[in-house]
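Asks: Structure: target.pdb, PDB, C-alpha atoms and all ligand atoms.
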```
ATOM      1  CA  MET W 232      16.627 -24.459   6.704  1.00  0.00           C
ATOM      2  CA  SER W 233      13.535 -24.992   4.638  1.00  0.00           C
ATOM      3  CA  CYS W 234      12.992 -26.544   1.225  1.00  0.00           C
ATOM      4  CA  SER W 235      13.016 -23.060  -0.342  1.00  0.00           C
ATOM      5  CA  GLY W 236      16.584 -22.568   0.889  1.00  0.00           C
ATOM      6  CA  ARG W 237      15.515 -19.727   3.157  1.00  0.00           C
ATOM      7  CA  PRO W 238      16.040 -20.028   6.917  1.00  0.00           C
ATOM      8  CA  LEU W 239      12.884 -20.327   9.047  1.00  0.00           C
ATOM      9  CA  ILE W 240      14.209 -18.274  11.928  1.00  0.00           C
ATOM     10  CA  VAL W 241      15.119 -14.717  11.040  1.00  0.00           C
ATOM     11  CA  GLY W 242      16.087 -11.861  13.351  1.00  0.00           C
ATOM     12  CA  SER W 243      18.244 -11.850  16.479  1.00  0.00           C
ATOM     13  CA  GLU W 244      17.183 -13.514  19.754  1.00  0.00           C
ATOM     14  CA  THR W 245      15.683 -10.255  21.003  1.00  0.00           C
ATOM     15  CA  PRO W 246      14.238  -7.479  18.826  1.00  0.00           C
ATOM     16  CA  GLU W 247      16.944  -4.945  17.961  1.00  0.00           C
ATOM     17  CA  ARG W 248      16.676  -1.182  17.550  1.00  0.00           C
ATOM     18  CA  PRO W 249      14.601   0.428  16.088  1.00  0.00           C
ATOM     19  CA  PHE W 250      12.352  -2.533  16.923  1.00  0.00           C
ATOM     20  CA  PRO W 251       9.854  -3.025  18.412  1.00  0.00           C
ATOM     21  CA  LEU W 252       8.325  -0.265  16.327  1.00  0.00           C
ATOM     22  CA  PHE W 253       4.734   0.418  17.369  1.00  0.00           C
ATOM     23  CA  VAL W 254       2.405   2.122  14.891  1.00  0.00           C
ATOM     24  CA  GLN W 255      -1.333   2.365  14.537  1.00  0.00           C
ATOM     25  CA  GLY W 256      -3.744   3.696  11.947  1.00  0.00           C
ATOM     26  CA  THR W 257      -7.031   3.198  10.189  1.00  0.00           C
ATOM     27  CA  VAL W 258      -7.061   0.469   7.534  1.00  0.00           C
ATOM     28  CA  VAL W 259      -7.503   1.934   4.042  1.00  0.00           C
ATOM     29  CA  LYS W 260      -8.374   0.287   0.716  1.00  0.00           C
ATOM     30  CA  GLY W 261      -5.456  -0.886  -1.401  1.00  0.00           C
ATOM     31  CA  PHE W 262      -5.743  -1.999  -5.012  1.00  0.00           C
ATOM     32  CA  GLY W 263      -7.661  -5.060  -3.873  1.00  0.00           C
ATOM     33  CA  ARG W 264      -5.219  -7.471  -5.527  1.00  0.00           C
ATOM     34  CA  GLY W 265      -4.105  -9.049  -2.271  1.00  0.00           C
ATOM     35  CA  SER W 266      -7.211 -11.143  -1.728  1.00  0.00           C
ATOM     36  CA  LYS W 267      -8.288 -11.589  -5.325  1.00  0.00           C
ATOM     37  CA  GLN W 268      -5.080 -12.225  -7.218  1.00  0.00           C
ATOM     38  CA  LEU W 269      -2.818 -13.537  -4.513  1.00  0.00           C
ATOM     39  CA  GLY W 270      -5.242 -15.182  -2.092  1.00  0.00           C
ATOM     40  CA  ILE W 271      -3.336 -13.337   0.628  1.00  0.00           C
ATOM     41  CA  PRO W 272      -5.455 -10.452   1.949  1.00  0.00           C
ATOM     42  CA  THR W 273      -3.571  -7.397   3.144  1.00  0.00           C
ATOM     43  CA  ALA W 274      -4.632  -4.425   5.246  1.00  0.00           C
ATOM     44  CA  ASN W 275      -3.146  -1.227   3.860  1.00  0.00           C
ATOM     45  CA  LEU W 276      -1.745   1.344   6.268  1.00  0.00           C
ATOM     46  CA  PRO W 277      -2.708   4.983   5.688  1.00  0.00           C
ATOM     47  CA  SER W 278      -0.141   6.933   3.650  1.00  0.00           C
ATOM     48  CA  ASP W 279       0.704   9.395   6.475  1.00  0.00           C
ATOM     49  CA  ILE W 280       1.980   6.454   8.526  1.00  0.00           C
ATOM     50  CA  VAL W 281       3.997   5.075   5.632  1.00  0.00           C
ATOM     51  CA  GLU W 282       5.454   8.513   4.903  1.00  0.00           C
ATOM     52  CA  HIS W 283       6.163   9.541   8.505  1.00  0.00           C
ATOM     53  CA  ALA W 284       6.292   6.823  11.161  1.00  0.00           C
ATOM     54  CA  LEU W 285       7.771   4.299   8.720  1.00  0.00           C
ATOM     55  CA  ASN W 286       9.917   6.682   6.734  1.00  0.00           C
ATOM     56  CA  ASP W 287      13.129   5.715   8.507  1.00  0.00           C
ATOM     57  CA  ILE W 288      13.047   1.978   8.006  1.00  0.00           C
ATOM     58  CA  HIS W 289      14.239   0.289   4.845  1.00  0.00           C
ATOM     59  CA  ILE W 290      11.720  -0.973   2.373  1.00  0.00           C
ATOM     60  CA  GLY W 291      11.279  -4.717   2.510  1.00  0.00           C
ATOM     61  CA  VAL W 292       9.396  -7.443   4.339  1.00  0.00           C
ATOM     62  CA  TYR W 293       8.974  -7.529   8.143  1.00  0.00           C
ATOM     63  CA  TYR W 294       7.147  -9.582  10.765  1.00  0.00           C
ATOM     64  CA  GLY W 295       5.568  -8.784  14.092  1.00  0.00           C
ATOM     65  CA  TRP W 296       2.219  -8.671  15.888  1.00  0.00           C
ATOM     66  CA  ALA W 297      -1.030  -7.023  14.845  1.00  0.00           C
ATOM     67  CA  GLN W 298      -4.339  -6.195  16.498  1.00  0.00           C
ATOM     68  CA  VAL W 299      -7.582  -5.018  14.869  1.00  0.00           C
ATOM     69  CA  ASP W 300      -9.535  -2.786  17.290  1.00  0.00           C
ATOM     70  CA  ASP W 301      -9.565  -4.625  20.645  1.00  0.00           C
ATOM     71  CA  GLY W 302      -9.281  -8.085  19.079  1.00  0.00           C
ATOM     72  CA  GLU W 303      -6.707 -10.789  19.659  1.00  0.00           C
ATOM     73  CA  VAL W 304      -3.032  -9.929  19.100  1.00  0.00           C
ATOM     74  CA  LEU W 305      -2.059 -12.055  16.085  1.00  0.00           C
ATOM     75  CA  PRO W 306       1.106 -12.734  14.070  1.00  0.00           C
ATOM     76  CA  MET W 307       1.586 -10.653  10.931  1.00  0.00           C
ATOM     77  CA  VAL W 308       3.899 -10.181   7.969  1.00  0.00           C
ATOM     78  CA  MET W 309       4.125  -6.860   6.223  1.00  0.00           C
ATOM     79  CA  SER W 310       5.558  -5.420   3.092  1.00  0.00           C
ATOM     80  CA  LEU W 311       6.826  -1.864   2.944  1.00  0.00           C
ATOM     81  CA  GLY W 312       7.692  -0.668  -0.519  1.00  0.00           C
ATOM     82  CA  TRP W 313       6.711  -0.252  -4.124  1.00  0.00           C
ATOM     83  CA  ASN W 314       5.550  -3.814  -4.919  1.00  0.00           C
ATOM     84  CA  PRO W 315       7.864  -4.099  -7.941  1.00  0.00           C
ATOM     85  CA  PHE W 316       5.870  -7.015  -9.304  1.00  0.00           C
ATOM     86  CA  PHE W 317       2.872  -4.687  -9.704  1.00  0.00           C
ATOM     87  CA  LYS W 318       4.975  -1.587 -10.469  1.00  0.00           C
ATOM     88  CA  ASN W 319       3.251   0.653  -7.918  1.00  0.00           C
ATOM     89  CA  GLU W 320       4.208   4.316  -8.052  1.00  0.00           C
ATOM     90  CA  LYS W 321       3.678   4.976  -4.381  1.00  0.00           C
ATOM     91  CA  ARG W 322       5.328   3.393  -1.374  1.00  0.00           C
ATOM     92  CA  SER W 323       2.786   1.350   0.534  1.00  0.00           C
ATOM     93  CA  GLY W 324       2.637  -0.487   3.832  1.00  0.00           C
ATOM     94  CA  GLU W 325       0.579  -3.672   3.684  1.00  0.00           C
ATOM     95  CA  VAL W 326      -0.050  -6.004   6.571  1.00  0.00           C
ATOM     96  CA  HIS W 327      -1.139  -9.610   6.210  1.00  0.00           C
ATOM     97  CA  ILE W 328      -2.508 -10.885   9.509  1.00  0.00           C
ATOM     98  CA  ILE W 329      -1.906 -14.617   9.861  1.00  0.00           C
ATOM     99  CA  HIS W 330      -5.466 -15.582  10.725  1.00  0.00           C
ATOM    100  CA  LYS W 331      -8.650 -16.415   8.833  1.00  0.00           C
ATOM    101  CA  PHE W 332     -10.998 -13.432   9.080  1.00  0.00           C
ATOM    102  CA  GLY W 333     -14.602 -13.601   7.955  1.00  0.00           C
ATOM    103  CA  GLU W 334     -14.647 -10.075   6.559  1.00  0.00           C
ATOM    104  CA  ASP W 335     -12.590  -7.044   5.577  1.00  0.00           C
ATOM    105  CA  PHE W 336     -11.674  -4.496   8.191  1.00  0.00           C
ATOM    106  CA  TYR W 337     -11.478  -1.272   6.225  1.00  0.00           C
ATOM    107  CA  GLY W 338     -11.991   1.705   8.531  1.00  0.00           C
ATOM    108  CA  GLN W 339     -11.037  -0.241  11.643  1.00  0.00           C
ATOM    109  CA  ASN W 340      -8.061   0.555  13.823  1.00  0.00           C
ATOM    110  CA  LEU W 341      -4.944  -1.512  13.210  1.00  0.00           C
ATOM    111  CA  ARG W 342      -2.097  -1.613  15.727  1.00  0.00           C
ATOM    112  CA  ILE W 343       1.157  -3.264  14.744  1.00  0.00           C
ATOM    113  CA  ALA W 344       4.426  -4.005  16.491  1.00  0.00           C
ATOM    114  CA  ILE W 345       7.123  -4.447  13.840  1.00  0.00           C
ATOM    115  CA  LEU W 346       9.829  -6.703  15.239  1.00  0.00           C
ATOM    116  CA  ALA W 347      12.303  -7.778  12.569  1.00  0.00           C
ATOM    117  CA  TYR W 348      13.348  -7.437   8.932  1.00  0.00           C
ATOM    118  CA  VAL W 349      12.948 -10.558   6.812  1.00  0.00           C
ATOM    119  CA  ARG W 350      14.093  -9.743   3.262  1.00  0.00           C
ATOM    120  CA  ALA W 351      14.251  -7.189   0.485  1.00  0.00           C
ATOM    121  CA  GLU W 352      11.319  -6.620  -1.851  1.00  0.00           C
ATOM    122  CA  LYS W 353      11.706  -8.407  -5.174  1.00  0.00           C
ATOM    123  CA  ASP W 354      10.315  -8.508  -8.644  1.00  0.00           C
ATOM    124  CA  TYR W 355       9.167 -11.969  -9.804  1.00  0.00           C
ATOM    125  CA  GLU W 356       8.813 -13.983 -12.995  1.00  0.00           C
ATOM    126  CA  SER W 357       5.292 -15.017 -12.048  1.00  0.00           C
ATOM    127  CA  LEU W 358       2.494 -14.393  -9.601  1.00  0.00           C
ATOM    128  CA  GLU W 359       3.042 -17.924  -8.312  1.00  0.00           C
ATOM    129  CA  ALA W 360       6.660 -17.162  -7.398  1.00  0.00           C
ATOM    130  CA  LEU W 361       5.541 -14.048  -5.477  1.00  0.00           C
ATOM    131  CA  VAL W 362       2.881 -16.067  -3.625  1.00  0.00           C
ATOM    132  CA  ASP W 363       5.427 -18.816  -2.798  1.00  0.00           C
ATOM    133  CA  ASP W 364       7.780 -16.264  -1.273  1.00  0.00           C
ATOM    134  CA  ILE W 365       5.000 -14.622   0.759  1.00  0.00           C
ATOM    135  CA  ASN W 366       3.961 -18.050   2.050  1.00  0.00           C
ATOM    136  CA  MET W 367       7.552 -18.615   3.100  1.00  0.00           C
ATOM    137  CA  ASP W 368       7.513 -15.194   4.842  1.00  0.00           C
ATOM    138  CA  ILE W 369       4.449 -16.389   6.752  1.00  0.00           C
ATOM    139  CA  SER W 370       6.256 -19.541   7.934  1.00  0.00           C
ATOM    140  CA  VAL W 371       9.286 -17.459   8.911  1.00  0.00           C
ATOM    141  CA  ALA W 372       7.066 -15.099  10.940  1.00  0.00           C
ATOM    142  CA  VAL W 373       5.234 -17.920  12.735  1.00  0.00           C
ATOM    143  CA  GLU W 374       8.475 -19.696  13.674  1.00  0.00           C
ATOM    144  CA  SER W 375      10.484 -16.591  14.545  1.00  0.00           C
ATOM    145  CA  LEU W 376       7.704 -15.172  16.754  1.00  0.00           C
ATOM    146  CA  LYS W 377       7.718 -18.305  18.949  1.00  0.00           C
ATOM    147  CA  ARG W 378      10.863 -17.039  20.678  1.00  0.00           C
ATOM    148  CA  GLU W 379      10.331 -15.746  24.194  1.00  0.00           C
ATOM    149  CA  ALA W 380      11.482 -12.167  23.664  1.00  0.00           C
ATOM    150  CA  TYR W 381       9.104 -11.889  20.723  1.00  0.00           C
ATOM    151  CA  VAL W 382       6.146 -13.503  22.494  1.00  0.00           C
ATOM    152  CA  ARG W 383       6.569 -11.021  25.346  1.00  0.00           C
ATOM    153  CA  VAL W 384       5.802  -8.073  23.041  1.00  0.00           C
ATOM    154  CA  LYS W 385       2.198  -9.321  22.761  1.00  0.00           C
ATOM    155  CA  ASP W 386       1.712  -8.054  26.325  1.00  0.00           C
ATOM    156  CA  ALA W 387       2.978  -4.536  25.590  1.00  0.00           C
ATOM    157  CA  PRO W 388       0.678  -1.807  26.970  1.00  0.00           C
ATOM    158  CA  PHE W 389       0.396  -0.501  23.386  1.00  0.00           C
ATOM    159  CA  PHE W 390      -2.081  -3.279  22.605  1.00  0.00           C
ATOM    160  CA  VAL W 391      -5.624  -2.804  23.856  1.00  0.00           C
ATOM    161  CA  THR W 392      -7.100  -5.177  26.406  1.00  0.00           C
ATOM    162  CA  LYS W 393     -10.789  -5.894  26.029  1.00  0.00           C
ATOM    163  CA  ALA W 394     -12.965  -4.322  28.700  1.00  0.00           C
ATOM    164  CA  LYS W 395     -14.415  -7.148  30.790  1.00  0.00           C
TER
HETATM  165  C1  LIG Q   1       4.703 -10.457   3.392  1.00  0.00           C
HETATM  166  C2  LIG Q   1       4.557  -9.782   2.049  1.00  0.00           C
HETATM  167  C3  LIG Q   1       5.632  -9.772   1.177  1.00  0.00           C
HETATM  168  C4  LIG Q   1       5.542  -9.155  -0.077  1.00  0.00           C
HETATM  169  N1  LIG Q   1       6.624  -9.151  -0.902  1.00  0.00           N
HETATM  170  C5  LIG Q   1       6.540  -8.574  -2.124  1.00  0.00           C
HETATM  171  C6  LIG Q   1       7.652  -8.561  -3.017  1.00  0.00           C
HETATM  172  O1  LIG Q   1       8.746  -9.056  -2.714  1.00  0.00           O
HETATM  173  N2  LIG Q   1       7.498  -7.969  -4.247  1.00  0.00           N
HETATM  174  C7  LIG Q   1       6.302  -7.397  -4.622  1.00  0.00           C
HETATM  175  O2  LIG Q   1       6.216  -6.898  -5.727  1.00  0.00           O
HETATM  176  N3  LIG Q   1       5.243  -7.362  -3.789  1.00  0.00           N
HETATM  177  C8  LIG Q   1       5.333  -7.947  -2.553  1.00  0.00           C
HETATM  178  N4  LIG Q   1       4.248  -7.948  -1.715  1.00  0.00           N
HETATM  179  C9  LIG Q   1       3.105  -7.088  -2.019  1.00  0.00           C
HETATM  180  C10 LIG Q   1       2.044  -7.720  -2.830  1.00  0.00           C
HETATM  181  O3  LIG Q   1       2.403  -7.511  -4.158  1.00  0.00           O
HETATM  182  C11 LIG Q   1       0.800  -6.930  -2.444  1.00  0.00           C
HETATM  183  O4  LIG Q   1       0.349  -7.363  -1.200  1.00  0.00           O
HETATM  184  C12 LIG Q   1      -0.241  -6.998  -3.513  1.00  0.00           C
HETATM  185  O5  LIG Q   1       0.160  -6.129  -4.528  1.00  0.00           O
HETATM  186  C13 LIG Q   1      -1.630  -6.590  -3.038  1.00  0.00           C
HETATM  187  O6  LIG Q   1      -1.722  -5.209  -2.893  1.00  0.00           O
HETATM  188  P1  LIG Q   1      -3.119  -4.480  -2.768  1.00  0.00           P
HETATM  189  O7  LIG Q   1      -3.810  -5.016  -1.530  1.00  0.00           O
HETATM  190  O8  LIG Q   1      -2.758  -3.015  -2.628  1.00  0.00           O
HETATM  191  O9  LIG Q   1      -3.874  -4.763  -4.002  1.00  0.00           O
HETATM  192  C14 LIG Q   1       4.334  -8.536  -0.463  1.00  0.00           C
HETATM  193  C15 LIG Q   1       3.232  -8.549   0.413  1.00  0.00           C
HETATM  194  C16 LIG Q   1       3.326  -9.166   1.663  1.00  0.00           C
HETATM  195  C17 LIG Q   1       2.148  -9.174   2.588  1.00  0.00           C
END
```
Represent the supplied structure as structure tokens.
Ligand SMILES: Cc1cc2nc3c(=O)[nH]c(=O)nc-3n(C[C@H](O)[C@H](O)[C@H](O)COP(=O)(O)O)c2cc1C

Replies:
Amino acid sequence: MSCSGRPLIVGSETPERPFPLFVQGTVVKGFGRGSKQLGIPTANLPSDIVEHALNDIHIGVYYGWAQVDDGEVLPMVMSLGWNPFFKNEKRSGEVHIIHKFGEDFYGQNLRIAILAYVRAEKDYESLEALVDDINMDISVAVESLKREAYVRVKDAPFFVTKAK
């Protein structure tokens, strides 16, 4: 358990159907609040992916692996839903890659392997409470992805290997 009362390891020992769910698309611009207001930059998935490839999974928060172009495969957390705190009118898919990037990657190719469901989307009393919960999601992702069956997915042929 953690101090927030949420468990640090979430998801069964091996990813369960329909996971791993592999999707890829070009990063599009969101509302730009992720970096500015939350300090947690997110890469928005194009709406055709959210409406088709991700139409069958419940809205909520997930973790898995992500790769920008042919870069390193890195841990990620993502939110799929309406962002009740911001009262969005359209379902969005937003990926936060757990890594410090120097710049935005709008227009670049993003590949993600979604591996497990973490929690339902919530509305919050304050921006701080939302940020606290997302930070906890990040810890959950980092810890949960250390398990062997999850680490193995990084080597899936879906991810691109850099030409040597
Ligand atoms: C891991 C994660 C969990 C999130 N959970 C919630 C949530 O429970 N409720 C909510 O309203 N928004 C949630 N968000 C979405 C943020 O509100 C969203 O990233 C923010 O609105 C920035 O969006 P923008 O880049 O389109 O501006 C979550 C985002 C991430 C990355």

Asks: Taking all atoms listed in the file into account, name the residue in W:Leu305, W:Val281, W:Leu276, W:Val384 that is nearest to ligand LIG 1 (chain Q).

Replies: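 That would be W:Leu276, the residue with the smallest distance to ligand LIG 1 (chain Q).
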
Asks: Please expand the PyMOL selection byres (((not hetatm)) within 6 of (chain Q and resi 1)) into the concrete residues it hits in this file, giving the result as a ChimeraX atom specification.

Replies: /W:261-265,273,292,308-310,314-317,325-327,352-354,365,368

Asks: Mind checking which residues fall within 8 Å of W:Gly312, counting all atoms listed in the file, ignoring those fewer than 6 positions away in the same chain, and posting them as a list in words?

Replies: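 Residues near the query, excluding close chain neighbours: Ile290, Gly291, Lys321, Arg322, Ser323, Gly324 and Glu352 of chain W.
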
Asks: Closest to W:Gln255 among W:Ala284, W:Leu341, W:Ala387, W:Leu269, using all atoms listed in the file?

Replies: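 Closest to W:Gln255 of all the choices is W:Leu341.
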
Asks: Which value, in Å to one decimal, gives the distance between atom CA of W:Lys393 and atom CA of W:Ser278?

Replies: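 Separation between atom CA of W:Lys393 and atom CA of W:Ser278: 27.9 Å.
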
Asks: Could you tell me which residues the PyMOL selection byres (((chain W and resi 386) around 12) and not hetatm) grabs in this file, written as a PyMOL selection string?

Replies: chain W and resi 296-298+303-305+344+379-385+387-392

Asks: Mind checking which residues fall within 7 Å of W:Gly338, counting all atoms listed in the file, ignoring those fewer than 4 positions away in the same chain, and posting them as a tab-separated table (two decimals) with C-alpha atoms, in the frame of the given file?

Replies:
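What landed in out-v2.tsv:
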```tsv
chain	number	residue	atom	x	y	z
W	257	THR	CA	-7.03	3.20	10.19
W	258	VAL	CA	-7.06	0.47	7.53
W	259	VAL	CA	-7.50	1.93	4.04
```

Asks: Atom CA of W:Glu374 and atom CA of W:Gly242, how far apart in Å?

Replies: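 Atom-to-atom, atom CA of W:Gly242 and atom CA of W:Glu374 are spaced 10.9 Å apart.
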
Asks: Pick out the residues sitting within 9 Å of W:Ser375, and hand them over as a ChimeraX atom specification; count all atoms listed in the file, and ignore anything fewer than 2 positions along from it in its own chain.

Replies: /W:239-242,294,370-373,377-378,381
